[in-house]
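Raw model_35.txt, compact mmCIF, C-alpha atoms:
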# COMPACT_ATOMS: atom_id res chain seq x y z
CA GLN G 1041 10.05 -30.24 20.89
CA GLN G 1042 13.51 -31.14 19.53
CA GLN G 1043 14.46 -27.46 19.46
CA GLN G 1044 13.29 -27.06 23.05
CA GLN G 1045 15.34 -30.10 24.08
CA GLN G 1046 18.42 -28.60 22.42
CA ALA G 1047 17.78 -25.33 24.22
CA VAL G 1048 17.56 -27.17 27.54
CA SER G 1049 20.76 -29.11 26.97
CA SER G 1050 22.63 -25.93 26.04
CA SER G 1051 21.32 -24.07 29.08
CA SER G 1052 21.70 -26.87 31.58
CA SER G 1053 24.82 -28.31 33.18
CA SER G 1054 23.52 -31.79 32.40
CA THR G 1055 24.17 -33.27 28.94
CA ASP G 1056 21.26 -35.71 29.21
CA LYS G 1057 18.24 -34.95 27.07
CA LEU G 1058 14.94 -34.80 28.88
CA GLU G 1059 12.23 -37.30 28.01
CA ILE G 1060 9.12 -35.81 26.44
CA LEU G 1061 5.93 -37.63 27.43
CA PRO G 1062 2.55 -37.54 25.64
CA TYR G 1063 0.72 -34.29 26.30
CA ASP G 1064 -1.35 -34.52 29.49
CA TYR G 1065 -3.48 -31.35 29.03
CA TYR G 1066 -2.34 -30.36 32.52
CA GLY G 1067 -4.67 -32.96 33.98
CA ALA G 1068 -7.79 -31.72 32.14
CA TYR G 1069 -10.23 -33.54 29.83
CA GLY G 1070 -9.88 -36.85 31.66
CA HIS G 1071 -6.08 -37.01 31.39
CA ASP G 1072 -3.83 -37.80 34.34
CA LEU G 1073 -1.31 -35.08 35.17
CA HIS G 1074 2.29 -36.27 34.77
CA LYS G 1075 4.07 -36.43 38.11
CA ASP G 1076 7.73 -35.51 38.51
CA TYR G 1077 8.09 -34.36 34.90
CA PRO G 1078 11.49 -32.58 34.41
CA TYR G 1079 10.67 -31.42 30.88
CA ARG G 1080 7.64 -29.48 32.12
CA ASP G 1081 8.96 -28.47 35.53
CA GLN G 1082 12.48 -27.52 34.46
CA ALA G 1083 12.74 -27.00 30.71
CA LEU G 1084 9.48 -25.17 30.04
CA LYS G 1085 10.03 -22.91 33.03
CA LEU G 1086 13.01 -21.49 31.16
CA ASP G 1087 10.47 -20.06 28.76
CA HIS G 1088 7.59 -19.19 31.07
CA SER G 1089 8.42 -15.59 31.86
CA PHE G 1090 6.97 -12.22 30.90
CA THR G 1091 9.58 -10.13 32.69
CA GLN G 1092 12.87 -11.70 31.65
CA HIS G 1093 14.38 -13.39 28.62
CA PRO G 1094 13.91 -17.16 28.20
CA GLY G 1095 16.65 -19.56 29.26
CA CYS G 1096 17.61 -20.12 25.63
CA HIS G 1097 18.12 -16.38 24.95
CA GLU G 1098 21.90 -16.68 24.54
CA GLN G 1099 21.52 -19.63 22.19
CA ILE G 1100 19.13 -17.62 20.01
CA ALA G 1101 21.65 -14.75 20.02
CA ALA G 1102 24.41 -17.11 18.83
CA GLU G 1103 22.20 -18.40 16.00
CA TYR G 1104 21.33 -14.84 15.01
CA GLU G 1105 24.99 -13.82 15.01
CA ALA G 1106 25.94 -16.78 12.82
CA ALA G 1107 23.30 -15.76 10.27
CA HIS G 1108 24.85 -12.29 10.04
CA SER G 1109 28.59 -12.82 10.40
CA GLY G 1110 29.17 -16.52 9.65
CA ALA G 1111 26.89 -19.26 8.36
CA ALA G 1112 23.61 -20.60 9.70
CA VAL G 1113 21.22 -23.22 8.36
CA PHE G 1114 17.47 -23.09 8.99
CA ASN G 1115 15.17 -26.05 8.38
CA LEU G 1116 12.06 -24.48 6.84
CA SER G 1117 10.49 -27.75 5.74
CA SER G 1118 7.28 -26.96 7.61
CA SER G 1119 6.50 -24.11 5.21
CA GLY G 1120 3.48 -24.49 2.94
CA LYS G 1121 4.33 -25.54 -0.63
CA PHE G 1122 1.81 -25.79 -3.46
CA TRP G 1123 1.59 -26.39 -7.21
CA LEU G 1124 -1.02 -24.56 -9.27
CA THR G 1125 -1.61 -26.29 -12.60
CA GLY G 1126 -4.19 -26.55 -15.36
CA LYS G 1127 -5.45 -24.88 -18.50
CA ASP G 1128 -6.40 -21.66 -16.68
CA ALA G 1129 -3.45 -21.66 -14.28
CA ALA G 1130 -1.99 -18.47 -15.79
CA LYS G 1131 -5.34 -16.66 -15.57
CA ALA G 1132 -5.88 -17.91 -12.02
CA ILE G 1133 -2.48 -16.86 -10.72
CA ASP G 1134 -2.86 -13.45 -12.37
CA TRP G 1135 -6.22 -12.90 -10.63
CA LEU G 1136 -5.02 -14.28 -7.28
CA CYS G 1137 -1.77 -12.32 -7.01
CA THR G 1138 -1.22 -8.58 -6.63
CA ASN G 1139 2.23 -8.78 -8.25
CA ASP G 1140 3.35 -9.73 -11.77
CA ILE G 1141 4.49 -13.37 -11.72
CA HIS G 1142 7.26 -13.30 -14.32
CA PRO G 1143 9.90 -13.97 -15.60
CA GLU G 1144 10.16 -17.76 -15.39
CA GLY G 1145 12.11 -19.05 -12.43
CA ARG G 1146 12.02 -15.80 -10.46
CA VAL G 1147 10.78 -15.93 -6.86
CA ILE G 1148 8.16 -13.17 -6.65
CA PRO G 1149 6.80 -11.86 -3.33
CA THR G 1150 3.07 -11.16 -3.58
CA CYS G 1151 -0.14 -10.75 -1.64
CA MET G 1152 -3.46 -12.44 -2.23
CA LEU G 1153 -6.43 -10.23 -1.33
CA ASN G 1154 -10.14 -10.41 -0.74
CA LYS G 1155 -12.58 -8.16 -2.59
CA TYR G 1156 -12.26 -5.51 0.12
CA GLY G 1157 -8.50 -5.25 -0.39
CA GLY G 1158 -7.69 -7.14 2.82
CA VAL G 1159 -4.66 -9.40 2.79
CA GLU G 1160 -5.61 -13.08 2.76
CA ALA G 1161 -2.06 -14.37 2.20
CA VAL G 1162 1.57 -13.24 1.94
CA VAL G 1163 3.43 -15.73 -0.24
CA THR G 1164 6.10 -16.14 -2.91
CA VAL G 1165 5.18 -17.48 -6.35
CA THR G 1166 7.47 -18.85 -9.06
CA ASN G 1167 6.44 -19.33 -12.68
CA THR G 1168 8.38 -22.36 -13.84
CA PRO G 1169 8.21 -24.99 -16.60
CA ASN G 1170 9.93 -27.49 -14.29
CA ARG G 1171 8.23 -29.67 -11.70
CA ILE G 1172 9.53 -31.04 -8.41
CA SER G 1173 8.33 -34.62 -7.96
CA ASP G 1174 8.85 -36.96 -5.04
CA HIS G 1175 12.24 -38.05 -6.33
CA ALA G 1176 13.71 -35.44 -8.63
CA ILE G 1177 13.32 -32.22 -10.51
CA THR G 1178 12.26 -32.87 -14.07
CA GLY G 1179 11.38 -30.84 -17.12
CA ASP G 1180 8.40 -32.97 -18.03
CA GLY G 1181 6.83 -30.47 -20.40
CA ASP G 1182 3.84 -29.60 -18.19
CA THR G 1183 2.56 -26.08 -18.81
CA GLY G 1184 1.11 -23.55 -16.42
CA LEU G 1185 3.10 -24.65 -13.40
CA TYR G 1186 3.26 -22.18 -10.52
CA PHE G 1187 5.13 -22.96 -7.32
CA ILE G 1188 3.65 -21.20 -4.26
CA VAL G 1189 5.35 -21.02 -0.85
CA SER G 1190 3.67 -19.76 2.33
CA GLY G 1191 4.51 -19.60 6.01
CA SER G 1192 4.09 -22.73 8.11
CA ALA G 1193 1.18 -21.49 10.21
CA THR G 1194 -0.81 -20.19 7.23
CA ALA G 1195 -0.48 -23.14 4.84
CA ASN G 1196 -4.01 -24.47 5.31
CA ARG G 1197 -5.49 -21.01 5.04
CA VAL G 1198 -3.61 -20.27 1.81
CA LEU G 1199 -4.78 -23.56 0.30
CA GLN G 1200 -8.38 -22.80 1.31
CA HIS G 1201 -8.26 -19.29 -0.13
CA ILE G 1202 -6.86 -20.46 -3.47
CA ASN G 1203 -9.48 -23.19 -3.76
CA HIS G 1204 -12.29 -20.74 -3.00
CA VAL G 1205 -11.11 -18.34 -5.70
CA LEU G 1206 -10.71 -21.14 -8.25
CA GLN G 1207 -14.28 -22.26 -7.56
CA ASP G 1208 -15.79 -18.76 -7.48
CA GLU G 1209 -14.19 -17.76 -10.78
CA LYS G 1210 -14.67 -21.23 -12.33
CA PHE G 1211 -11.02 -21.45 -13.37
CA ASP G 1212 -9.95 -24.73 -14.99
CA ALA G 1213 -7.03 -25.10 -12.59
CA THR G 1214 -6.01 -27.24 -9.63
CA VAL G 1215 -3.93 -26.47 -6.57
CA GLN G 1216 -1.98 -29.34 -5.02
CA ASP G 1217 -0.48 -29.32 -1.54
CA VAL G 1218 3.07 -30.76 -1.73
CA SER G 1219 4.23 -29.47 1.67
CA ARG G 1220 5.08 -32.96 2.91
CA ARG G 1221 6.76 -33.93 -0.35
CA LEU G 1222 9.42 -31.22 -0.23
CA GLY G 1223 11.91 -30.27 2.42
CA CYS G 1224 13.49 -26.83 2.59
CA LEU G 1225 16.85 -25.62 3.89
CA ASN G 1226 17.79 -21.96 4.12
CA LEU G 1227 21.43 -20.89 4.44
CA ARG G 1228 22.21 -17.40 5.70
CA GLY G 1229 25.41 -15.52 6.31
CA PRO G 1230 28.50 -14.32 4.40
CA ALA G 1231 30.24 -17.70 4.67
CA CYS G 1232 27.40 -19.55 2.90
CA SER G 1233 28.79 -18.84 -0.58
CA THR G 1234 32.01 -20.66 0.29
CA ILE G 1235 29.99 -23.69 1.42
CA ILE G 1236 27.73 -23.74 -1.65
CA GLU G 1237 30.68 -23.41 -4.01
CA GLN G 1238 32.08 -26.68 -2.68
CA VAL G 1239 28.93 -28.79 -3.00
CA VAL G 1240 27.27 -27.79 -6.28
CA THR G 1241 28.45 -28.87 -9.73
CA PRO G 1242 30.65 -26.52 -11.82
CA ALA G 1243 27.71 -25.98 -14.18
CA ASN G 1244 25.46 -24.95 -11.28
CA LEU G 1245 28.15 -22.64 -9.96
CA GLN G 1246 28.29 -20.92 -13.33
CA GLN G 1247 24.51 -20.59 -13.35
CA LEU G 1248 24.54 -19.01 -9.90
CA THR G 1249 26.97 -16.41 -11.23
CA GLU G 1250 24.88 -15.64 -14.31
CA GLU G 1251 21.34 -15.82 -12.94
CA ALA G 1252 19.66 -12.91 -11.22
CA GLU G 1253 19.10 -13.17 -7.48
CA ASN G 1254 15.94 -14.94 -6.26
CA THR G 1255 15.83 -17.18 -9.33
CA TYR G 1256 15.42 -20.93 -8.88
CA LEU G 1257 17.68 -23.25 -10.83
CA ALA G 1258 17.71 -27.04 -10.99
CA ALA G 1259 20.85 -28.06 -9.10
CA VAL G 1260 22.62 -31.25 -8.05
CA ILE G 1261 24.41 -31.78 -4.73
CA GLY G 1262 26.10 -35.15 -4.28
CA GLY G 1263 23.85 -36.76 -6.86
CA HIS G 1264 20.67 -35.36 -5.30
CA ASN G 1265 18.38 -33.18 -7.42
CA LEU G 1266 17.00 -30.02 -5.83
CA TRP G 1267 15.98 -26.44 -6.47
CA LEU G 1268 18.46 -23.75 -5.47
CA ALA G 1269 17.97 -19.98 -5.35
CA LYS G 1270 20.45 -17.31 -4.30
CA SER G 1271 19.25 -14.21 -2.47
CA GLU G 1272 20.85 -11.18 -0.90
CA THR G 1273 21.08 -12.97 2.46
CA GLY G 1274 21.95 -16.53 1.39
CA TYR G 1275 20.52 -19.58 -0.36
CA THR G 1276 17.24 -21.49 -0.31
CA MET G 1277 16.99 -25.15 -1.33
CA HIS G 1278 13.84 -27.22 -1.91
CA ILE G 1279 14.79 -30.87 -1.57
CA PRO G 1280 12.94 -34.20 -1.83
CA PRO G 1281 12.63 -35.52 1.75
CA GLU G 1282 14.65 -38.67 1.11
CA SER G 1283 17.62 -36.47 0.09
CA MET G 1284 17.45 -34.02 3.01
CA THR G 1285 19.80 -35.86 5.38
CA SER G 1286 22.45 -36.45 2.74
CA VAL G 1287 22.39 -32.88 1.46
CA TYR G 1288 22.54 -31.55 5.02
CA ALA G 1289 25.52 -33.79 5.81
CA GLN G 1290 27.37 -32.55 2.72
CA LEU G 1291 26.77 -28.95 3.73
CA LEU G 1292 28.25 -29.68 7.18
CA ALA G 1293 31.24 -31.42 5.62
CA ALA G 1294 31.85 -28.53 3.24
CA ALA G 1295 31.69 -26.06 6.13
CA LYS G 1296 34.21 -28.12 8.09
CA ALA G 1297 36.53 -28.32 5.09
CA SER G 1298 36.32 -24.53 4.79
CA SER G 1299 37.17 -24.11 8.47
CA CYS G 1300 33.88 -22.35 9.14
CA GLN G 1301 31.10 -23.42 11.48
CA LEU G 1302 27.66 -24.00 10.02
CA VAL G 1303 25.35 -23.28 12.95
CA ASN G 1304 21.96 -24.98 13.28
CA ALA G 1305 19.44 -22.17 13.75
CA GLY G 1306 15.76 -22.20 14.61
CA TYR G 1307 12.55 -20.25 14.18
CA ARG G 1308 13.22 -17.84 17.04
CA ALA G 1309 16.35 -16.53 15.40
CA MET G 1310 14.44 -16.36 12.11
CA HIS G 1311 11.66 -14.41 13.83
CA CYS G 1312 14.17 -11.87 15.08
CA ILE G 1313 15.66 -11.50 11.59
CA SER G 1314 12.22 -11.09 10.03
CA LEU G 1315 11.24 -8.41 12.55
CA GLU G 1316 14.43 -6.45 11.90
CA LEU G 1317 13.82 -6.63 8.14
CA ASN G 1318 10.24 -5.43 8.75
CA GLN G 1319 8.80 -8.46 6.96
CA CYS G 1320 5.09 -9.14 7.37
CA SER G 1321 3.93 -12.30 9.08
CA TRP G 1322 0.31 -13.12 8.27
CA GLY G 1323 -1.87 -13.40 11.36
CA VAL G 1324 0.18 -10.97 13.44
CA ASP G 1325 1.62 -8.16 11.29
CA VAL G 1326 -1.16 -8.38 8.74
CA ASP G 1327 -4.48 -10.14 8.23
CA TYR G 1328 -7.65 -9.90 6.15
CA ASN G 1329 -8.60 -6.58 7.82
CA ASP G 1330 -5.37 -4.89 6.69
CA THR G 1331 -4.50 -3.72 3.19
CA PRO G 1332 -1.07 -3.88 1.49
CA LEU G 1333 -0.82 -0.08 1.59
CA GLU G 1334 -1.48 0.02 5.33
CA ALA G 1335 0.96 -2.83 6.00
CA GLY G 1336 3.80 -1.34 3.95
CA LEU G 1337 3.61 -4.06 1.28
CA GLN G 1338 3.69 -1.74 -1.74
CA ASN G 1339 6.52 -3.85 -3.20
CA THR G 1340 4.02 -6.68 -3.71
CA LEU G 1341 1.72 -4.58 -5.92
CA SER G 1342 1.99 -4.60 -9.70
CA SER G 1343 2.75 -1.25 -11.33
CA SER G 1344 0.91 -2.29 -14.49
CA ALA G 1345 -2.34 -0.44 -15.10
CA GLU G 1346 -3.54 -3.31 -17.30
CA LYS G 1347 -3.20 -6.03 -14.67
CA SER G 1348 -6.40 -6.99 -12.83
CA TYR G 1349 -6.47 -8.88 -9.55
CA LEU G 1350 -8.94 -9.64 -6.79
CA GLY G 1351 -9.20 -6.58 -4.53
CA LYS G 1352 -7.59 -4.12 -6.96
CA GLU G 1353 -10.54 -1.72 -6.92
CA ALA G 1354 -10.24 -1.36 -3.14
CA VAL G 1355 -6.47 -0.82 -3.39
CA GLU G 1356 -6.87 1.83 -6.09
CA ARG G 1357 -9.54 3.56 -4.04
CA GLN G 1358 -7.17 3.68 -1.08
CA LEU G 1359 -4.38 4.96 -3.31
CA ARG G 1360 -6.68 7.77 -4.41
CA ASP G 1361 -8.16 8.65 -1.01
CA GLY G 1362 -5.16 7.89 1.16
CA VAL G 1363 -4.75 5.43 4.04
CA LYS G 1364 -6.09 6.16 7.52
CA ARG G 1365 -3.38 4.17 9.31
CA ARG G 1366 0.04 2.63 8.64
CA ARG G 1367 2.13 -0.11 10.14
CA PHE G 1368 5.09 1.24 12.11
CA VAL G 1369 7.99 -0.30 14.02
CA LEU G 1370 8.21 0.37 17.75
CA VAL G 1371 11.64 0.44 19.40
CA THR G 1372 12.10 0.51 23.18
CA GLN G 1373 14.76 2.64 24.87
CA PRO G 1374 18.33 1.21 25.12
CA ASP G 1375 18.12 0.83 28.90
CA SER G 1376 14.44 -0.20 29.04
CA PRO G 1377 13.72 -3.40 31.02
CA VAL G 1378 10.47 -4.11 29.15
CA ILE G 1379 10.15 -7.27 27.05
CA LEU G 1380 7.44 -7.02 24.41
CA HIS G 1381 5.33 -10.10 23.63
CA GLY G 1382 2.53 -8.59 21.53
CA LYS G 1383 -0.96 -7.23 22.39
CA GLU G 1384 0.43 -4.46 24.60
CA GLY G 1385 -1.41 -1.14 24.43
CA VAL G 1386 0.22 1.67 22.43
CA PHE G 1387 -0.33 5.19 23.76
CA CYS G 1388 0.33 8.57 22.12
CA ASP G 1389 0.39 11.57 24.45
CA GLY G 1390 -1.44 9.48 27.04
CA ARG G 1391 -4.20 8.33 24.66
CA LEU G 1392 -4.64 4.68 23.61
CA VAL G 1393 -4.22 4.58 19.82
CA SER G 1394 -3.27 0.98 18.97
CA ILE G 1395 -1.95 -2.37 20.18
CA VAL G 1396 1.32 -4.15 19.46
CA ARG G 1397 0.75 -6.67 16.68
CA ASN G 1398 4.10 -8.48 16.48
CA ALA G 1399 6.99 -8.35 18.92
CA GLY G 1400 10.40 -9.78 19.63
CA TYR G 1401 13.97 -8.95 20.54
CA SER G 1402 16.43 -7.23 18.22
CA HIS G 1403 19.87 -8.67 18.86
CA ARG G 1404 21.31 -5.98 16.61
CA LEU G 1405 19.85 -3.13 18.69
CA GLN G 1406 19.90 -5.08 21.98
CA ARG G 1407 16.33 -4.15 22.89
CA SER G 1408 12.70 -5.16 22.34
CA ILE G 1409 10.94 -4.14 19.14
CA GLY G 1410 7.41 -4.54 17.82
CA THR G 1411 4.96 -3.44 15.14
CA ALA G 1412 1.67 -1.57 15.40
CA TYR G 1413 -0.80 0.19 13.13
CA ILE G 1414 -0.77 3.90 13.95
CA PRO G 1415 -3.76 6.01 12.81
CA LYS G 1416 -3.71 9.45 11.29
CA ASP G 1417 -4.63 12.35 13.50
CA PRO G 1418 -8.46 12.20 13.64
CA ASN G 1419 -8.66 15.97 13.98
CA MET G 1420 -7.14 16.55 10.54
CA ASP G 1421 -8.31 15.90 7.00
CA ILE G 1422 -7.54 12.37 5.75
CA ASN G 1423 -5.54 13.59 2.77
CA ASP G 1424 -3.70 16.37 4.58
CA GLY G 1425 -3.52 14.90 8.06
CA GLN G 1426 -0.26 13.75 9.58
CA PHE G 1427 0.26 10.34 11.13
CA LEU G 1428 0.44 10.33 14.88
CA ALA G 1429 3.81 8.59 14.53
CA GLU G 1430 5.25 11.78 13.04
CA GLY G 1431 4.81 13.61 16.32
CA GLY G 1432 3.86 13.04 19.93
CA GLU G 1433 5.25 10.94 22.75
CA PHE G 1434 4.67 7.21 22.38
CA GLU G 1435 4.53 4.57 25.10
CA VAL G 1436 3.66 0.90 25.41
CA ASP G 1437 1.78 -0.50 28.38
CA CYS G 1438 3.25 -3.73 29.70
CA MET G 1439 1.63 -5.27 32.77
CA GLY G 1440 0.32 -1.90 33.93
CA VAL G 1441 3.57 0.02 33.47
CA ARG G 1442 4.14 2.37 30.54
CA TYR G 1443 7.49 2.53 28.78
CA PRO G 1444 8.57 5.11 26.17
CA VAL G 1445 9.20 3.89 22.61
CA GLN G 1446 10.42 5.39 19.36
CA VAL G 1447 8.32 4.88 16.22
CA TYR G 1448 9.75 4.31 12.73
CA LEU G 1449 8.53 3.23 9.29
CA SER G 1450 11.57 0.94 9.07
CA LEU G 1451 14.02 -0.18 11.71
CA PRO G 1452 17.16 2.04 12.04
CA LEU G 1453 19.78 -0.73 12.13
CA HIS G 1454 22.76 1.51 11.48
Can the structure from this file be put into structure tokens for me?
Amino acid sequence: QQQQQQAVSSSSSSTDKLEILPYDYYGAYGHDLHKDYPYRDQALKLDHSFTQHPGCHEQIAAEYEAAHSGAAVFNLSSSGKFWLTGKDAAKAIDWLCTNDIHPEGRVIPTCMLNKYGGVEAVVTVTNTPNRISDHAITGDGDTGLYFIVSGSATANRVLQHINHVLQDEKFDATVQDVSRRLGCLNLRGPACSTIIEQVVTPANLQQLTEEAENTYLAAVIGGHNLWLAKSETGYTMHIPPESMTSVYAQLLAAAKASSCQLVNAGYRAMHCISLELNQCSWGVDVDYNDTPLEAGLQNTLSSSAEKSYLGKEAVERQLRDGVKRRRFVLVTQPDSPVILHGKEGVFCDGRLVSIVRNAGYSHRLQRSIGTAYIPKDPNMDINDGQFLAEGGEFEVDCMGVRYPVQVYLSLPLH
């Protein structure tokens, strides 16, 4: 709601924020419909359109641009965060995850599968001897500590899946939901390094230089303990909630001192970035009916023949027999007026072959993009057959009108 208010204030000539009343269920279920409600009648109407961009489109574009050419900060505190501990924690994480969770401190992308090879979760896991408590990061000597991070919308599902596996396999391990006990800030953009260099201690700065990318280190910003990891695109910080405001203020002050603007960015800009990077979002790009090989998540699979994990037999069978479909990226034409929202039909040579799974707007390409699972040609042998995406004319159906699209395994950003 706060993000929507900001969008309204940036799109409106008025600087007054609109009051948000308790949800009225549009007058259903015994609730009285709010009368003369500017937030609903003005602000939400900026977003209620299938045929044109929302009223906050330019604001999203500015946030996206800052994340690529300047500095942007995303509040990802709503993400799911879990600790897996116990005597069998190492065995449990090895069975749960398709990837090898080592070395210590490294942020490892991985899938968690069901016995059929379907993806139950797309998460990152860190094997660490340190523990984040409510107030600080400590090295308290606990063993078998694994830090798991999931998307916001899938947190409960991830927790449920882990608990089911722990019970089914009778592992002596416990998973603890600490999502509300840890905030998370993500900095993106080339100017972020200048900001971080001003706020961390000299010792932390040296560690950032020496450590490999995507490795968490215990850092201190203005006397506040946190976890900090550097990646190719920026920095991620996990922070106790009582320190969030202070750390955020110091980041803003450092940006101002460096004469660069640290732009507050939201989930819509992040969604655009994720789509362009072809990252999988569970529930749209991939779910329990899709396998890592079909979804293009081979980088989350261990290359070790010795490693066993739930669903490995199904994955190996698919590796041997070949996949019958793959996830592709759909790109509309440069001058196309269509705005993709997801669930549109995908046609090849006039025949319905799929639906759009995830969709959004690429500010880099200045057009709508989406993802869809494209099957192999049914008239050819599974092993020798070509994917429909490698030939044929593709279209998407939006509100009864078909628009041509190009199909790629990864987005051509250059």
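Relative to CA of Ala1345 (chain G), CA of Leu1359 (chain G) is found at 13.1 Å.
If you count all atoms listed in the file and ignore residues fewer than 5 places along the chain from Thr1255 (chain G), what sits within 8 Å of it is Gly1145, Arg1146, Val1147, Ala1269 and Lys1270 of chain G.
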Output for the residues just chosen: C-alpha atoms as a compact mmCIF listing (two decimals), in the coordinates of the input:
# COMPACT_ATOMS: atom_id res chain seq x y z
CA GLY G 1145 12.11 -19.05 -12.43
CA ARG G 1146 12.02 -15.80 -10.46
CA VAL G 1147 10.78 -15.93 -6.86
CA ALA G 1269 17.97 -19.98 -5.35
CA LYS G 1270 20.45 -17.31 -4.30
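Closest to Val1303 (chain G) among G:Arg1080, G:His1093, G:Arg1397, G:His1108 is G:His1108, based on all atoms listed in the file.
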Computed gap from CA of Cys1312 (chain G) to CA of Gly1440 (chain G) is 25.4 Å
Within 8 Å of Val1445 (chain G) using all atoms listed in the file, minus same-chain residues under 5 positions, as a list in words: Leu1370, Val1371, Thr1372, Gln1373, Phe1434, Glu1435 and Val1436 of chain G
